[in-house]
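Reviewing the structure listed below.
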Amino acid sequence: MLTANSPPPPGTWARLRKNPVAVAAMVILAFIGFMAIFGPIIFQTDPHTTSKDQFQPPSAQHFFGTDNNGRDSFARVLEGARISLLVGICGALISLVIGTTYGLVSGYAGGRTDAAMMRFVEILYSIPRLIILILFTFIFDKHFKTWLTAQGYAELVGYSKIIILIVTLGLIEWLTMARIVRGQVLALKNLQFVTAARSLGQSHTRIIFRHLLPNLGGIVIIYLTLTIPAVILDESFLSFLGLGVQAPQASWGSLLSDGAQVINPVKSYWWLLFFPALVMSVTLLALNFLGDAIRDALDPRARR
């Protein structure tokens, strides 16, 4: 068991580097992130430029072919990577902050406070997430656009739905994190280093964030890597249904929706569905494998 303010376990990074699956996952994620950020600059592609080259198959000029408007699908997939990864990472970070804080307070308080806070979590679990996402999107989108315009941020009006998606997904995905953190705190709060901190007269806030939180670093990092793909999947599902990212912007979900509409028995433009699905699947698999590898590297039994 770790003690208060203890350094990271020795050999964790070395064990992670020796895991070929972890190394492959990190390389894949680094490559996809690099291409999402710098790919449009390197290849001089514009995801919104239309042309007469409609439904062109993959070629040296258009790596992933073109869509019904003659737009380069490779550029569209890169834009989808930027938006989907942005939504996934930011949404996961919001859920991380909320869930960790909530779980820390609930587990440390114990008693009736803990019971009441956990009942609230169970109530939220019973509400379908899709309903919450749809309500938030339709209720706040118009008001948020008006507020952005009034504050002089008119250039962000087109991204209002993306911002709402990030915040909403972050506010939904924190429930499991809160329960995990709460369980860890219940096991830690009666150990000697917490008792010593209380004896020294340290405040509850200091004990929670100075002594308990550092001992939760491993589990928090593991669950963060598993929350990112969950948020990406939620965003992609909403965009696939037409409730998320809207044209002319593109996410992996909206690209999959566009590709599914042109798949039919008469003529199949397979590349419009295959490449977004491939890149998205590889990214989600890499994130899940990386989370499992981090969990194994931080496992006390593996350290022994």
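All residue names refer to the structure tokens as shown: chains lettered A, B, ... in order, residues numbered from 1 in each chain, ligands numbered from 1 in order.
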* Residues at most 10 Å from Asp46 (chain A), counting only C-alpha atoms, excluding those fewer than 5 positions away in the same chain, as a ChimeraX atom specification? -> /A:40-41,71-76,78-79
Could you please take those selected residues and save N, CA and C atoms as a PDB file, in the first residue's frame?
ATOM      1  N   PRO A  40      -3.200  18.165 -41.992  1.00  0.00           N
ATOM      2  CA  PRO A  40      -3.667  19.136 -42.985  1.00  0.00           C
ATOM      3  C   PRO A  40      -2.575  20.082 -43.474  1.00  0.00           C
ATOM      4  N   ILE A  41      -1.610  20.397 -42.599  1.00  0.00           N
ATOM      5  CA  ILE A  41      -0.513  21.284 -42.999  1.00  0.00           C
ATOM      6  C   ILE A  41       0.463  20.543 -43.900  1.00  0.00           C
ATOM      7  N   ARG A  71     -15.305  16.342 -51.901  1.00  0.00           N
ATOM      8  CA  ARG A  71     -14.358  16.691 -50.843  1.00  0.00           C
ATOM      9  C   ARG A  71     -13.426  15.518 -50.555  1.00  0.00           C
ATOM     10  N   ASP A  72     -12.206  15.842 -50.210  1.00  0.00           N
ATOM     11  CA  ASP A  72     -11.199  14.823 -49.936  1.00  0.00           C
ATOM     12  C   ASP A  72     -11.528  14.105 -48.626  1.00  0.00           C
ATOM     13  N   SER A  73     -11.761  12.809 -48.690  1.00  0.00           N
ATOM     14  CA  SER A  73     -12.155  12.044 -47.512  1.00  0.00           C
ATOM     15  C   SER A  73     -11.019  11.930 -46.505  1.00  0.00           C
ATOM     16  N   PHE A  74      -9.783  11.935 -46.997  1.00  0.00           N
ATOM     17  CA  PHE A  74      -8.640  11.891 -46.077  1.00  0.00           C
ATOM     18  C   PHE A  74      -8.643  13.131 -45.185  1.00  0.00           C
ATOM     19  N   ALA A  75      -8.879  14.298 -45.782  1.00  0.00           N
ATOM     20  CA  ALA A  75      -8.948  15.528 -45.002  1.00  0.00           C
ATOM     21  C   ALA A  75     -10.123  15.500 -44.043  1.00  0.00           C
ATOM     22  N   ARG A  76     -11.246  14.920 -44.483  1.00  0.00           N
ATOM     23  CA  ARG A  76     -12.427  14.831 -43.618  1.00  0.00           C
ATOM     24  C   ARG A  76     -12.174  13.911 -42.425  1.00  0.00           C
ATOM     25  N   LEU A  78      -9.264  13.358 -41.048  1.00  0.00           N
ATOM     26  CA  LEU A  78      -8.365  14.082 -40.141  1.00  0.00           C
ATOM     27  C   LEU A  78      -9.132  15.104 -39.322  1.00  0.00           C
ATOM     28  N   GLU A  79     -10.073  15.815 -39.962  1.00  0.00           N
ATOM     29  CA  GLU A  79     -10.897  16.754 -39.205  1.00  0.00           C
ATOM     30  C   GLU A  79     -11.753  16.012 -38.184  1.00  0.00           C
TER      31      GLU A  79
END
Return as a Markdown table the residues of region 152-193 of chain A lying at most 12 Å from region 86-92 of chain A, together with the closest atom-to-atom pair for each and the distance in Å to one decimal, counting only C-alpha atoms, with rows in chain order and ascending residue number.
| residue | atom | partner | partner_atom | distance |
| --- | --- | --- | --- | --- |
| A:Tyr159 | CA | A:Val87 | CA | 11.5 |
| A:Lys161 | CA | A:Val87 | CA | 10.9 |
| A:Ile162 | CA | A:Val87 | CA | 7.3 |
| A:Ile163 | CA | A:Val87 | CA | 8.1 |
| A:Ile164 | CA | A:Val87 | CA | 9.8 |
| A:Leu165 | CA | A:Val87 | CA | 7.3 |
| A:Ile166 | CA | A:Gly91 | CA | 4.8 |
| A:Val167 | CA | A:Gly91 | CA | 6.2 |
| A:Thr168 | CA | A:Gly91 | CA | 7.8 |
| A:Leu169 | CA | A:Gly91 | CA | 5.6 |
| A:Gly170 | CA | A:Gly91 | CA | 4.2 |
| A:Leu171 | CA | A:Gly91 | CA | 8.0 |
| A:Ile172 | CA | A:Gly91 | CA | 9.1 |
| A:Glu173 | CA | A:Ala92 | CA | 7.3 |
| A:Trp174 | CA | A:Ala92 | CA | 8.2 |
| A:Leu175 | CA | A:Ala92 | CA | 11.7 |
| A:Thr176 | CA | A:Ala92 | CA | 11.8 |
| A:Met177 | CA | A:Ala92 | CA | 10.3 |
* Which residue of A:Phe138, A:Phe38, A:Phe63, A:Phe240 approaches Ala260 (chain A) most closely, using only C-alpha atoms ->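 When distances to Ala260 (chain A) are compared using only C-alpha atoms, the smallest one comes from A:Phe240.
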* Structure fact -> Min atom-atom distance to Gly291 (chain A) from the set A:Trp270, A:Phe275, A:Ala25, A:Ala150, counting only C-alpha atoms, belongs to A:Ala25
* To do: Find the residue from A:Phe140, A:Tyr125, A:Trp147, A:Tyr269 that sits nearest to Asp67 (chain A); use only C-alpha atoms when measuring.
  =>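 That would be A:Tyr269, the residue with the smallest distance to Asp67 (chain A).
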* Counting only C-alpha atoms, figure out which residue out of A:Asn288, A:Ser203, A:Asn68, A:Asp258 gets nearest to Thr227 (chain A). => A:Asn288
* To do: May I have the residues within 7 Å of region 13-18 of chain A as a VMD selection string, using only C-alpha atoms and disregarding those fewer than 3 positions away in the same chain?
  => chain A and resid 22 to 23 293 to 294 297
* **Residues flagged alpha helix (DSSP H) by DSSP in region 2-198 of chain A, as a PyMOL selection string** => chain A and resi 12-18+20-43+73-109+111-126+129-150+160-172+174-188+192-198
